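Chemist: What follows is a single structure, and I will ask about it in a moment.
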Amino acid sequence: MDRRRAVPRTDRVLADPRLQEATERLGARLVRSAVTAAQQACRAGEIAPEAVPDAAVNGLPPAATSLRDVLNATGVVVHTNLGRAPLSTAAIEAVALAAGTTDVELDLATGRRGPRGAGALTALAAAVPDAGGVHVVNNGAAALVLAARGLGAGRTVVLARGEMVEIGDSFRIPELLESVGARLREVGTTNRVRLSDYADALDDTVAFVLKVHPSNFRVSGFVSAVPVEELATLPVPVVADIGSGLLAPHPRLPDEPDAATTLRAGADLVTASGDKLLGGPQAGLLLGRSDLVDPLRRHPFARALRVDKLTLAALEATLTGPVPPVPAMLDADPSALRRRAAALAADLTDLTDLAAEAVPSLAAVGGGGAPGVELESAAVAVTAELAEPLRLGRPPVVGRVVRGRLLLDLLTVPPDRDAELATAVRVAARDAYGT
Ligand SMILES: *Cc1c(COP(=O)(O)O)cnc(C)c1O
């Protein structure tokens, strides 16, 4: 039989009402490529001609984006490769609303232009009462760049050698500062710096002392750094890059600096990320003395680092709405996690190939900060052979392989998605073992 003849024609497949509806929703291009892929599978003899429409429907992406909704079962709360903080439902709703036409820069009462993102900025100011001024830019690096450009261009920034951090993807804080025309003056050694080192480095070219939180590594042994309280006694402003975006102290993260404490300790300006421990959208926060923040807000660079309406909406909802997923995960009750793991493992006992077993696990904060902090958690362990089929599933599930087994850590899985996780494991097992 000539397979090519048997392959249904594109227009006949496209006549399927499900594909018509998908064309409205996803656009003709994506639907056509799903149809082409199904036709190719038919031509290769992998599926029967009458199965082509179903295969095309199954091959459609869930939305018109190549990004996938991934179940994070890694136990890493803020996973950089998985988009850092997942937004709260409230923030997702706010983003969807703001995505349309919205009054981001219009005062509906007067009909005149209004302050951009006033709601988000008011919420941020209310969340950090110690900050006289607040501003939001694209990300943590942008907050630092704006501070360095606005306060330190053509001048000197003093930074301890032990705080010359690479923040990830080979971006380095010293290079970031120099790229906007600030001169760097290094003080201290890799492991130790004293207040006198900073004091000796001051002259009238110094714009500020920068304190960078080493958020992705830890040094121990013969080490010392100078706390913000002491730096604040110097006759120049102190800018503190706290990294994680914690606004107030967190009992499980005693070594993680927060904005309120850092400002009260005497920092003049604090910079932080919005999508780490704050649990919001990608954003950079500038918090501090209004006579420093206000000129930065009006600096030409600020326009280039400006956030969009989606970020403003998500940030406001993160600050005013219910507890977002990231802080909720940090406070997860280990016994509830153990119960979920036991239930999930019990649900999978009929799949004997998997050897599914509930096991204790240690989750991590991840790219968001708090290196070395372990969060008591629970996981379902299955054979590591499932790692790939799970990653390629719908939705993709990413776990972590430990000593030859794949751990599906429940701390980072939303509790209302356990059933979906079980189904994903079943489907992956069927693909792997044909059971
Ligand atoms: C994460 C981090 C940054 C960079 O923030 P982004 O939001 O990733 O741009 C800068 N400084 C510190 C200390 C950080 O932890």
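Starting from 1 in every chain, residues are counted up; chains themselves are A, B, ... following the order of the structure tokens, and ligands are numbered from 1 as listed.
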As a PyMOL selection string, which residues of range 75-317 of chain A does DSSP assign to strand (DSSP E)?

Modeler: chain A and resi 76-78+106-107+112-113+133-137+156-160+166-168+171-172+183-187+206-212+238-243+269-273+284-288

Chemist: Pick out the residues sitting within 12 Å of Ala232 in chain A, and hand them over as a ChimeraX atom specification; count only C-alpha atoms, and ignore anything fewer than 3 positions along from it in its own chain.

Modeler: /A:195,198-199,208-211,226-229,235-240,262-269

Chemist: Deliver the residues from the most recent selection as a file, using N, CA, C and O atoms, as a compact mmCIF listing (two decimals), in the first residue's frame.

Modeler:
# COMPACT_ATOMS: atom_id res chain seq x y z
N LEU A 195 36.47 47.57 59.73
CA LEU A 195 35.94 48.92 59.53
C LEU A 195 37.06 49.87 59.13
O LEU A 195 36.87 50.74 58.28
N TYR A 198 37.76 50.08 55.46
CA TYR A 198 36.83 50.97 54.75
C TYR A 198 37.21 52.43 55.01
O TYR A 198 37.28 53.24 54.08
N ALA A 199 37.43 52.76 56.28
CA ALA A 199 37.72 54.15 56.65
C ALA A 199 38.97 54.65 55.91
O ALA A 199 38.98 55.78 55.41
N PHE A 208 29.90 55.98 47.57
CA PHE A 208 29.26 55.19 48.63
C PHE A 208 30.06 53.92 48.91
O PHE A 208 30.92 53.52 48.11
N VAL A 209 29.75 53.34 50.04
CA VAL A 209 30.28 52.02 50.39
C VAL A 209 29.20 51.02 50.01
O VAL A 209 28.03 51.21 50.34
N LEU A 210 29.60 49.99 49.29
CA LEU A 210 28.63 48.96 48.89
C LEU A 210 28.84 47.71 49.73
O LEU A 210 29.96 47.24 49.90
N LYS A 211 27.72 47.19 50.24
CA LYS A 211 27.77 45.92 50.97
C LYS A 211 26.94 44.92 50.17
O LYS A 211 25.75 45.15 49.92
N VAL A 226 32.18 43.40 57.89
CA VAL A 226 31.74 44.52 58.73
C VAL A 226 30.23 44.68 58.58
O VAL A 226 29.73 44.84 57.46
N PRO A 227 29.48 44.60 59.69
CA PRO A 227 28.03 44.73 59.58
C PRO A 227 27.61 46.15 59.20
O PRO A 227 28.37 47.11 59.40
N VAL A 228 26.40 46.26 58.69
CA VAL A 228 25.88 47.55 58.23
C VAL A 228 25.91 48.59 59.37
O VAL A 228 26.26 49.76 59.14
N GLU A 229 25.60 48.17 60.60
CA GLU A 229 25.62 49.09 61.75
C GLU A 229 26.94 49.87 61.82
O GLU A 229 26.96 51.06 62.10
N PRO A 235 31.39 58.41 57.08
CA PRO A 235 30.77 59.66 56.60
C PRO A 235 30.33 59.60 55.13
O PRO A 235 30.27 60.63 54.48
N VAL A 236 30.05 58.40 54.59
CA VAL A 236 29.53 58.28 53.21
C VAL A 236 28.31 57.37 53.24
O VAL A 236 28.15 56.58 54.17
N PRO A 237 27.44 57.47 52.24
CA PRO A 237 26.26 56.59 52.23
C PRO A 237 26.64 55.11 52.13
O PRO A 237 27.69 54.76 51.57
N VAL A 238 25.80 54.26 52.70
CA VAL A 238 25.97 52.81 52.61
C VAL A 238 24.84 52.25 51.75
O VAL A 238 23.66 52.47 52.05
N VAL A 239 25.22 51.58 50.66
CA VAL A 239 24.24 50.91 49.81
C VAL A 239 24.38 49.41 50.08
O VAL A 239 25.49 48.88 50.02
N ALA A 240 23.28 48.74 50.41
CA ALA A 240 23.34 47.31 50.72
C ALA A 240 22.53 46.53 49.69
O ALA A 240 21.33 46.75 49.54
N THR A 262 18.02 45.86 57.67
CA THR A 262 19.18 46.51 57.05
C THR A 262 19.01 48.04 57.06
O THR A 262 19.96 48.77 57.33
N LEU A 263 17.79 48.51 56.79
CA LEU A 263 17.55 49.96 56.82
C LEU A 263 17.66 50.49 58.25
O LEU A 263 18.26 51.54 58.50
N ARG A 264 17.10 49.74 59.19
CA ARG A 264 17.16 50.18 60.59
C ARG A 264 18.59 50.19 61.11
O ARG A 264 18.95 50.98 61.97
N ALA A 265 19.41 49.30 60.54
CA ALA A 265 20.82 49.25 60.95
C ALA A 265 21.59 50.44 60.40
O ALA A 265 22.74 50.65 60.78
N GLY A 266 20.97 51.18 59.49
CA GLY A 266 21.63 52.39 59.02
C GLY A 266 21.98 52.43 57.54
O GLY A 266 22.61 53.38 57.10
N ALA A 267 21.56 51.41 56.76
CA ALA A 267 21.82 51.48 55.32
C ALA A 267 21.02 52.65 54.75
O ALA A 267 19.88 52.91 55.15
N ASP A 268 21.64 53.37 53.81
CA ASP A 268 20.94 54.50 53.20
C ASP A 268 20.08 54.05 52.04
O ASP A 268 19.07 54.66 51.72
N LEU A 269 20.52 52.96 51.41
CA LEU A 269 19.78 52.43 50.27
C LEU A 269 19.93 50.92 50.27
O LEU A 269 21.02 50.40 50.51

Chemist: Could you list, as an mmCIF file with N, CA, C and O atoms, in the first residue's frame, all residues that come within 8 Å of ligand 1? Count only C-alpha atoms and all ligand atoms.

Modeler:
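Saved file selection_3.cif follows:
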data_model
loop_
_atom_site.group_PDB
_atom_site.id
_atom_site.type_symbol
_atom_site.label_atom_id
_atom_site.label_comp_id
_atom_site.auth_asym_id
_atom_site.auth_seq_id
_atom_site.Cartn_x
_atom_site.Cartn_y
_atom_site.Cartn_z
ATOM 1 N N ASN A 138 13.787 46.650 36.587
ATOM 2 C CA ASN A 138 13.653 45.340 35.961
ATOM 3 C C ASN A 138 14.103 44.123 36.763
ATOM 4 O O ASN A 138 13.499 43.077 36.688
ATOM 5 N N ASN A 139 15.188 44.241 37.467
ATOM 6 C CA ASN A 139 15.675 43.118 38.285
ATOM 7 C C ASN A 139 16.681 43.644 39.297
ATOM 8 O O ASN A 139 16.975 44.842 39.321
ATOM 9 N N GLY A 140 17.194 42.749 40.113
ATOM 10 C CA GLY A 140 18.118 43.158 41.158
ATOM 11 C C GLY A 140 19.369 43.819 40.590
ATOM 12 O O GLY A 140 19.857 44.813 41.134
ATOM 13 N N ALA A 141 19.867 43.262 39.496
ATOM 14 C CA ALA A 141 21.056 43.836 38.880
ATOM 15 C C ALA A 141 20.773 45.255 38.391
ATOM 16 O O ALA A 141 21.619 46.156 38.518
ATOM 17 N N ALA A 142 19.583 45.480 37.855
ATOM 18 C CA ALA A 142 19.210 46.813 37.373
ATOM 19 C C ALA A 142 19.133 47.803 38.540
ATOM 20 O O ALA A 142 19.494 48.978 38.395
ATOM 21 N N ALA A 143 18.665 47.342 39.687
ATOM 22 C CA ALA A 143 18.589 48.224 40.860
ATOM 23 C C ALA A 143 19.990 48.682 41.254
ATOM 24 O O ALA A 143 20.227 49.863 41.539
ATOM 25 N N LEU A 144 20.920 47.733 41.221
ATOM 26 C CA LEU A 144 22.297 48.051 41.586
ATOM 27 C C LEU A 144 22.928 48.973 40.541
ATOM 28 O O LEU A 144 23.631 49.937 40.875
ATOM 29 N N VAL A 165 31.126 39.425 44.211
ATOM 30 C CA VAL A 165 30.352 38.222 43.945
ATOM 31 C C VAL A 165 30.042 38.072 42.458
ATOM 32 O O VAL A 165 29.794 39.064 41.768
ATOM 33 N N ILE A 167 27.059 36.741 40.343
ATOM 34 C CA ILE A 167 25.671 36.452 40.698
ATOM 35 C C ILE A 167 25.067 35.328 39.881
ATOM 36 O O ILE A 167 23.992 34.867 40.170
ATOM 37 N N GLY A 168 25.733 34.876 38.863
ATOM 38 C CA GLY A 168 25.193 33.765 38.079
ATOM 39 C C GLY A 168 25.326 34.049 36.598
ATOM 40 O O GLY A 168 25.371 35.212 36.189
ATOM 41 N N ILE A 173 29.404 41.338 39.994
ATOM 42 C CA ILE A 173 29.056 42.649 40.561
ATOM 43 C C ILE A 173 30.124 43.713 40.244
ATOM 44 O O ILE A 173 29.764 44.809 39.788
ATOM 45 N N VAL A 212 27.570 43.845 49.731
ATOM 46 C CA VAL A 212 26.872 42.851 48.911
ATOM 47 C C VAL A 212 26.698 41.572 49.714
ATOM 48 O O VAL A 212 27.676 41.032 50.245
ATOM 49 N N HIS A 213 25.481 41.090 49.794
ATOM 50 C CA HIS A 213 25.254 39.834 50.515
ATOM 51 C C HIS A 213 25.724 38.661 49.656
ATOM 52 O O HIS A 213 25.292 38.509 48.515
ATOM 53 N N PRO A 214 26.616 37.823 50.185
ATOM 54 C CA PRO A 214 27.052 36.653 49.428
ATOM 55 C C PRO A 214 25.940 35.614 49.426
ATOM 56 O O PRO A 214 25.944 34.668 50.204
ATOM 57 N N SER A 215 24.974 35.772 48.528
ATOM 58 C CA SER A 215 23.750 34.985 48.664
ATOM 59 C C SER A 215 23.849 33.592 48.066
ATOM 60 O O SER A 215 22.983 32.769 48.311
ATOM 61 N N ASN A 216 24.900 33.315 47.261
ATOM 62 C CA ASN A 216 24.937 31.993 46.647
ATOM 63 C C ASN A 216 26.134 31.158 47.082
ATOM 64 O O ASN A 216 26.474 30.170 46.454
ATOM 65 N N ASP A 241 23.225 45.643 48.978
ATOM 66 C CA ASP A 241 22.541 44.735 48.049
ATOM 67 C C ASP A 241 22.246 43.461 48.830
ATOM 68 O O ASP A 241 23.130 42.643 49.043
ATOM 69 N N ILE A 242 20.981 43.323 49.266
ATOM 70 C CA ILE A 242 20.646 42.167 50.110
ATOM 71 C C ILE A 242 20.254 40.952 49.267
ATOM 72 O O ILE A 242 20.079 39.858 49.783
ATOM 73 N N GLY A 243 20.060 41.140 47.985
ATOM 74 C CA GLY A 243 19.827 39.997 47.098
ATOM 75 C C GLY A 243 18.413 39.452 47.116
ATOM 76 O O GLY A 243 17.628 39.686 46.201
ATOM 77 N N SER A 244 18.068 38.750 48.194
ATOM 78 C CA SER A 244 16.897 37.873 48.173
ATOM 79 C C SER A 244 15.540 38.565 48.133
ATOM 80 O O SER A 244 14.556 37.977 47.714
ATOM 81 N N THR A 271 19.102 47.444 47.882
ATOM 82 C CA THR A 271 18.631 46.910 46.603
ATOM 83 C C THR A 271 18.351 45.414 46.771
ATOM 84 O O THR A 271 18.993 44.747 47.580
ATOM 85 N N ALA A 272 17.375 44.913 46.015
ATOM 86 C CA ALA A 272 16.978 43.505 46.161
ATOM 87 C C ALA A 272 16.212 43.049 44.924
ATOM 88 O O ALA A 272 15.774 43.864 44.112
ATOM 89 N N SER A 273 16.051 41.740 44.825
ATOM 90 C CA SER A 273 15.275 41.139 43.727
ATOM 91 C C SER A 273 13.823 40.960 44.148
ATOM 92 O O SER A 273 13.538 40.747 45.325
ATOM 93 N N GLY A 274 12.941 40.958 43.160
ATOM 94 C CA GLY A 274 11.524 40.723 43.448
ATOM 95 C C GLY A 274 11.119 39.267 43.341
ATOM 96 O O GLY A 274 10.094 38.850 43.887
ATOM 97 N N ASP A 275 11.931 38.467 42.619
ATOM 98 C CA ASP A 275 11.481 37.099 42.314
ATOM 99 C C ASP A 275 12.283 36.034 43.030
ATOM 100 O O ASP A 275 12.400 34.905 42.571
ATOM 101 N N LYS A 276 12.883 36.403 44.151
ATOM 102 C CA LYS A 276 13.534 35.392 44.978
ATOM 103 C C LYS A 276 12.630 35.146 46.191
ATOM 104 O O LYS A 276 11.510 34.696 46.020
ATOM 105 N N GLN A 282 9.807 39.015 38.416
ATOM 106 C CA GLN A 282 11.154 39.538 38.218
ATOM 107 C C GLN A 282 11.109 41.049 38.342
ATOM 108 O O GLN A 282 10.359 41.723 37.627
ATOM 109 N N ALA A 283 11.853 41.587 39.288
ATOM 110 C CA ALA A 283 11.874 43.031 39.509
ATOM 111 C C ALA A 283 13.071 43.339 40.388
ATOM 112 O O ALA A 283 13.636 42.450 41.023
ATOM 113 N N GLY A 284 13.471 44.610 40.390
ATOM 114 C CA GLY A 284 14.519 45.049 41.297
ATOM 115 C C GLY A 284 13.947 46.120 42.197
ATOM 116 O O GLY A 284 13.249 47.025 41.724
ATOM 117 N N GLY A 367 18.548 29.359 44.249
ATOM 118 C CA GLY A 367 19.129 30.586 43.718
ATOM 119 C C GLY A 367 18.687 31.822 44.469
ATOM 120 O O GLY A 367 19.258 32.897 44.303
ATOM 121 N N GLY A 368 17.650 31.692 45.285
ATOM 122 C CA GLY A 368 17.123 32.841 46.000
ATOM 123 C C GLY A 368 17.943 33.241 47.196
ATOM 124 O O GLY A 368 17.765 34.327 47.731
ATOM 125 N N GLY A 369 18.838 32.395 47.636
ATOM 126 C CA GLY A 369 19.641 32.774 48.784
ATOM 127 C C GLY A 369 19.710 31.669 49.806
ATOM 128 O O GLY A 369 19.383 30.517 49.521
#

Chemist: Tell me which protein, DNA and RNA residues are within 10 Å of Gly372 in chain A, counting only C-alpha atoms, leaving out same-chain ones fewer than 3 positions away, and put them as a list of chain:residue names.

Modeler: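 Skipping anything fewer than 3 positions along the chain leaves A:Asn216, A:Phe217, A:Arg218, A:Ala364, A:Val365, A:Gly366, A:Gly369, A:Leu375.
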
Chemist: Could you write out the selected residues, including C-alpha atoms, as a PDB file, in the first residue's frame?

Modeler:
ATOM      1  CA  ASN A 216      24.937  31.993  46.647  1.00  0.00           C
ATOM      2  CA  PHE A 217      27.901  30.757  48.670  1.00  0.00           C
ATOM      3  CA  ARG A 218      29.164  30.478  52.204  1.00  0.00           C
ATOM      4  CA  ALA A 364      16.834  23.894  49.548  1.00  0.00           C
ATOM      5  CA  VAL A 365      16.062  27.574  49.101  1.00  0.00           C
ATOM      6  CA  GLY A 366      18.089  27.651  45.882  1.00  0.00           C
ATOM      7  CA  GLY A 369      19.641  32.774  48.784  1.00  0.00           C
ATOM      8  CA  LEU A 375      14.399  22.540  54.702  1.00  0.00           C
TER       9      LEU A 375
END

Chemist: Just the residues within 7 Å of range 29-42 of chain A, please, counting only C-alpha atoms, with nothing from its chain fewer than 4 positions along; format it as a list in words.

Modeler: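 Once the adjacent positions are removed, what remains is Val7, Leu19, Ala22, Thr23, Glu46, Ile47, Ala48, Pro49, Val52, Ala55, Ala56, Gly59 and Leu60 of chain A.
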
Chemist: For C-alpha atoms, I'd like the residues from the last selection saved as a PDB file, in the first residue's frame.

Modeler:
ATOM      1  CA  VAL A   7      -1.955  10.210   4.526  1.00  0.00           C
ATOM      2  CA  LEU A  19      -8.447  21.977  15.179  1.00  0.00           C
ATOM      3  CA  ALA A  22      -7.461  25.573  18.205  1.00  0.00           C
ATOM      4  CA  THR A  23      -6.767  27.787  15.204  1.00  0.00           C
ATOM      5  CA  GLU A  46       3.881   5.166  13.170  1.00  0.00           C
ATOM      6  CA  ILE A  47       0.144   5.915  13.196  1.00  0.00           C
ATOM      7  CA  ALA A  48      -2.824   4.919  11.065  1.00  0.00           C
ATOM      8  CA  PRO A  49      -4.321   7.467   8.626  1.00  0.00           C
ATOM      9  CA  VAL A  52      -3.963  11.689  12.227  1.00  0.00           C
ATOM     10  CA  ALA A  55      -2.480  12.923  16.902  1.00  0.00           C
ATOM     11  CA  ALA A  56      -2.570  16.520  15.657  1.00  0.00           C
ATOM     12  CA  GLY A  59       0.415  17.494  19.494  1.00  0.00           C
ATOM     13  CA  LEU A  60      -0.984  20.991  20.046  1.00  0.00           C
TER      14      LEU A  60
END

Chemist: What's the separation between CA of Ser220 in chain A and CA of Arg192 in chain A, in Å to one decimal place?

Modeler: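 Between CA of Ser220 in chain A and CA of Arg192 in chain A the gap is 11.0 Å.
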
Chemist: Distance CA of Glu93 in chain A-CA of Thr412 in chain A, one decimal place?

Modeler: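 Rounded to one decimal, the two atoms are 21.1 Å apart.
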
Chemist: Show which residues sit within 6 Å of range 337-354 of chain A, as a PyMOL selection string. Count only C-alpha atoms, and ignore same-chain residues fewer than 4 positions away.

Modeler: chain A and resi 358+378-380+382-383

Chemist: Just all heavy atoms for this one: save the residues we selected as a CSV table (one decimal), in the first residue's frame.

Modeler:
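Below is the file result.csv, written as the result:
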chain,number,residue,atom,x,y,z
A,358,ALA,N,8.0,6.4,49.9
A,358,ALA,CA,8.1,7.7,50.5
A,358,ALA,C,9.4,7.8,51.3
A,358,ALA,O,9.7,6.9,52.1
A,358,ALA,CB,6.9,7.9,51.4
A,378,ALA,N,9.8,15.9,52.4
A,378,ALA,CA,9.5,14.5,52.1
A,378,ALA,C,9.3,14.3,50.6
A,378,ALA,O,8.9,15.3,49.9
A,378,ALA,CB,8.2,14.0,52.8
A,379,ALA,N,9.7,13.1,50.1
A,379,ALA,CA,9.7,12.9,48.6
A,379,ALA,C,9.2,11.5,48.4
A,379,ALA,O,9.1,10.7,49.3
A,379,ALA,CB,11.1,13.1,48.1
A,380,VAL,N,8.8,11.3,47.1
A,380,VAL,CA,8.5,9.9,46.7
A,380,VAL,C,9.7,9.6,45.8
A,380,VAL,O,10.1,10.3,44.9
A,380,VAL,CB,7.2,9.9,45.8
A,380,VAL,CG1,7.1,8.5,45.2
A,380,VAL,CG2,6.1,10.2,46.7
A,382,VAL,N,11.4,7.1,43.1
A,382,VAL,CA,11.1,6.1,42.0
A,382,VAL,C,12.4,5.8,41.3
A,382,VAL,O,13.4,6.5,41.5
A,382,VAL,CB,10.0,6.6,41.1
A,382,VAL,CG1,8.7,6.7,41.8
A,382,VAL,CG2,10.4,7.9,40.4
A,383,THR,N,12.3,4.9,40.4
A,383,THR,CA,13.5,4.6,39.6
A,383,THR,C,14.0,5.8,38.7
A,383,THR,O,13.1,6.5,38.2
A,383,THR,CB,13.3,3.4,38.7
A,383,THR,OG1,14.3,3.3,37.7
A,383,THR,CG2,12.0,3.5,37.9

Chemist: Which distance in Å separates CA of Gly114 in chain A and CA of Leu278 in chain A, to one decimal?

Modeler: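 Separating CA of Gly114 in chain A from CA of Leu278 in chain A is a distance of 27.0 Å.
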
Chemist: Contacts of Arg183 in chain A at 9 Å or less, counting only C-alpha atoms, minus same-chain residues fewer than 3 places along, as a ChimeraX atom specification?

Modeler: /A:152-158,177-178,206

Chemist: Could those selected residues go to a file with N, CA, C and O atoms, as a PDB file, in the first residue's frame?

Modeler:
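The new file result_12.pdb reads:
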ATOM      1  N   GLY A 152      27.199  56.893  41.578  1.00  0.00           N
ATOM      2  CA  GLY A 152      28.636  56.604  41.556  1.00  0.00           C
ATOM      3  C   GLY A 152      29.344  56.813  40.232  1.00  0.00           C
ATOM      4  O   GLY A 152      30.555  56.565  40.157  1.00  0.00           O
ATOM      5  N   ALA A 153      28.659  57.276  39.174  1.00  0.00           N
ATOM      6  CA  ALA A 153      29.328  57.427  37.872  1.00  0.00           C
ATOM      7  C   ALA A 153      30.469  58.439  37.988  1.00  0.00           C
ATOM      8  O   ALA A 153      30.283  59.533  38.526  1.00  0.00           O
ATOM      9  N   GLY A 154      31.653  58.076  37.504  1.00  0.00           N
ATOM     10  CA  GLY A 154      32.814  58.960  37.568  1.00  0.00           C
ATOM     11  C   GLY A 154      33.374  59.092  38.970  1.00  0.00           C
ATOM     12  O   GLY A 154      34.287  59.890  39.204  1.00  0.00           O
ATOM     13  N   ARG A 155      32.802  58.339  39.900  1.00  0.00           N
ATOM     14  CA  ARG A 155      33.281  58.403  41.283  1.00  0.00           C
ATOM     15  C   ARG A 155      33.694  56.996  41.740  1.00  0.00           C
ATOM     16  O   ARG A 155      33.765  56.079  40.929  1.00  0.00           O
ATOM     17  N   THR A 156      33.926  56.858  43.010  1.00  0.00           N
ATOM     18  CA  THR A 156      34.467  55.596  43.517  1.00  0.00           C
ATOM     19  C   THR A 156      33.453  54.881  44.401  1.00  0.00           C
ATOM     20  O   THR A 156      32.753  55.515  45.198  1.00  0.00           O
ATOM     21  N   VAL A 157      33.389  53.574  44.231  1.00  0.00           N
ATOM     22  CA  VAL A 157      32.556  52.731  45.095  1.00  0.00           C
ATOM     23  C   VAL A 157      33.490  51.799  45.852  1.00  0.00           C
ATOM     24  O   VAL A 157      34.353  51.151  45.250  1.00  0.00           O
ATOM     25  N   VAL A 158      33.330  51.757  47.163  1.00  0.00           N
ATOM     26  CA  VAL A 158      34.204  50.920  48.002  1.00  0.00           C
ATOM     27  C   VAL A 158      33.507  49.590  48.281  1.00  0.00           C
ATOM     28  O   VAL A 158      32.344  49.567  48.703  1.00  0.00           O
ATOM     29  N   LEU A 177      29.343  47.230  38.090  1.00  0.00           N
ATOM     30  CA  LEU A 177      29.547  48.594  38.585  1.00  0.00           C
ATOM     31  C   LEU A 177      30.409  49.387  37.614  1.00  0.00           C
ATOM     32  O   LEU A 177      30.111  50.539  37.278  1.00  0.00           O
ATOM     33  N   GLU A 178      31.483  48.743  37.141  1.00  0.00           N
ATOM     34  CA  GLU A 178      32.401  49.450  36.249  1.00  0.00           C
ATOM     35  C   GLU A 178      31.758  49.719  34.892  1.00  0.00           C
ATOM     36  O   GLU A 178      32.083  50.692  34.226  1.00  0.00           O
ATOM     37  N   VAL A 206      34.838  59.191  46.809  1.00  0.00           N
ATOM     38  CA  VAL A 206      33.996  58.037  47.157  1.00  0.00           C
ATOM     39  C   VAL A 206      32.516  58.438  47.191  1.00  0.00           C
ATOM     40  O   VAL A 206      32.125  59.353  47.914  1.00  0.00           O
TER      41      VAL A 206
END

Chemist: List as JSON, numbers by chain the protein and nucleic acid residues near Thr318 in chain A, meaning an atom at most 12 Å away when only C-alpha atoms are counted, but skip any in the same chain fewer than 3 places from it.

Modeler: {"A": [85, 86, 87, 88, 89, 90, 91, 92, 93, 94, 95, 119, 120, 123, 124, 127, 274, 275, 277, 278, 279, 280, 281, 282, 283, 311, 312, 313, 314, 315, 321, 322, 323, 324, 325, 326, 327]}

Chemist: For each of A:Gly132, A:Pro249, A:Gly83, A:Pro300, take the minimum atom-to-atom distance to Val70 in chain A, counting only C-alpha atoms, then give the residue where this is smallest.

Modeler: A:Gly83
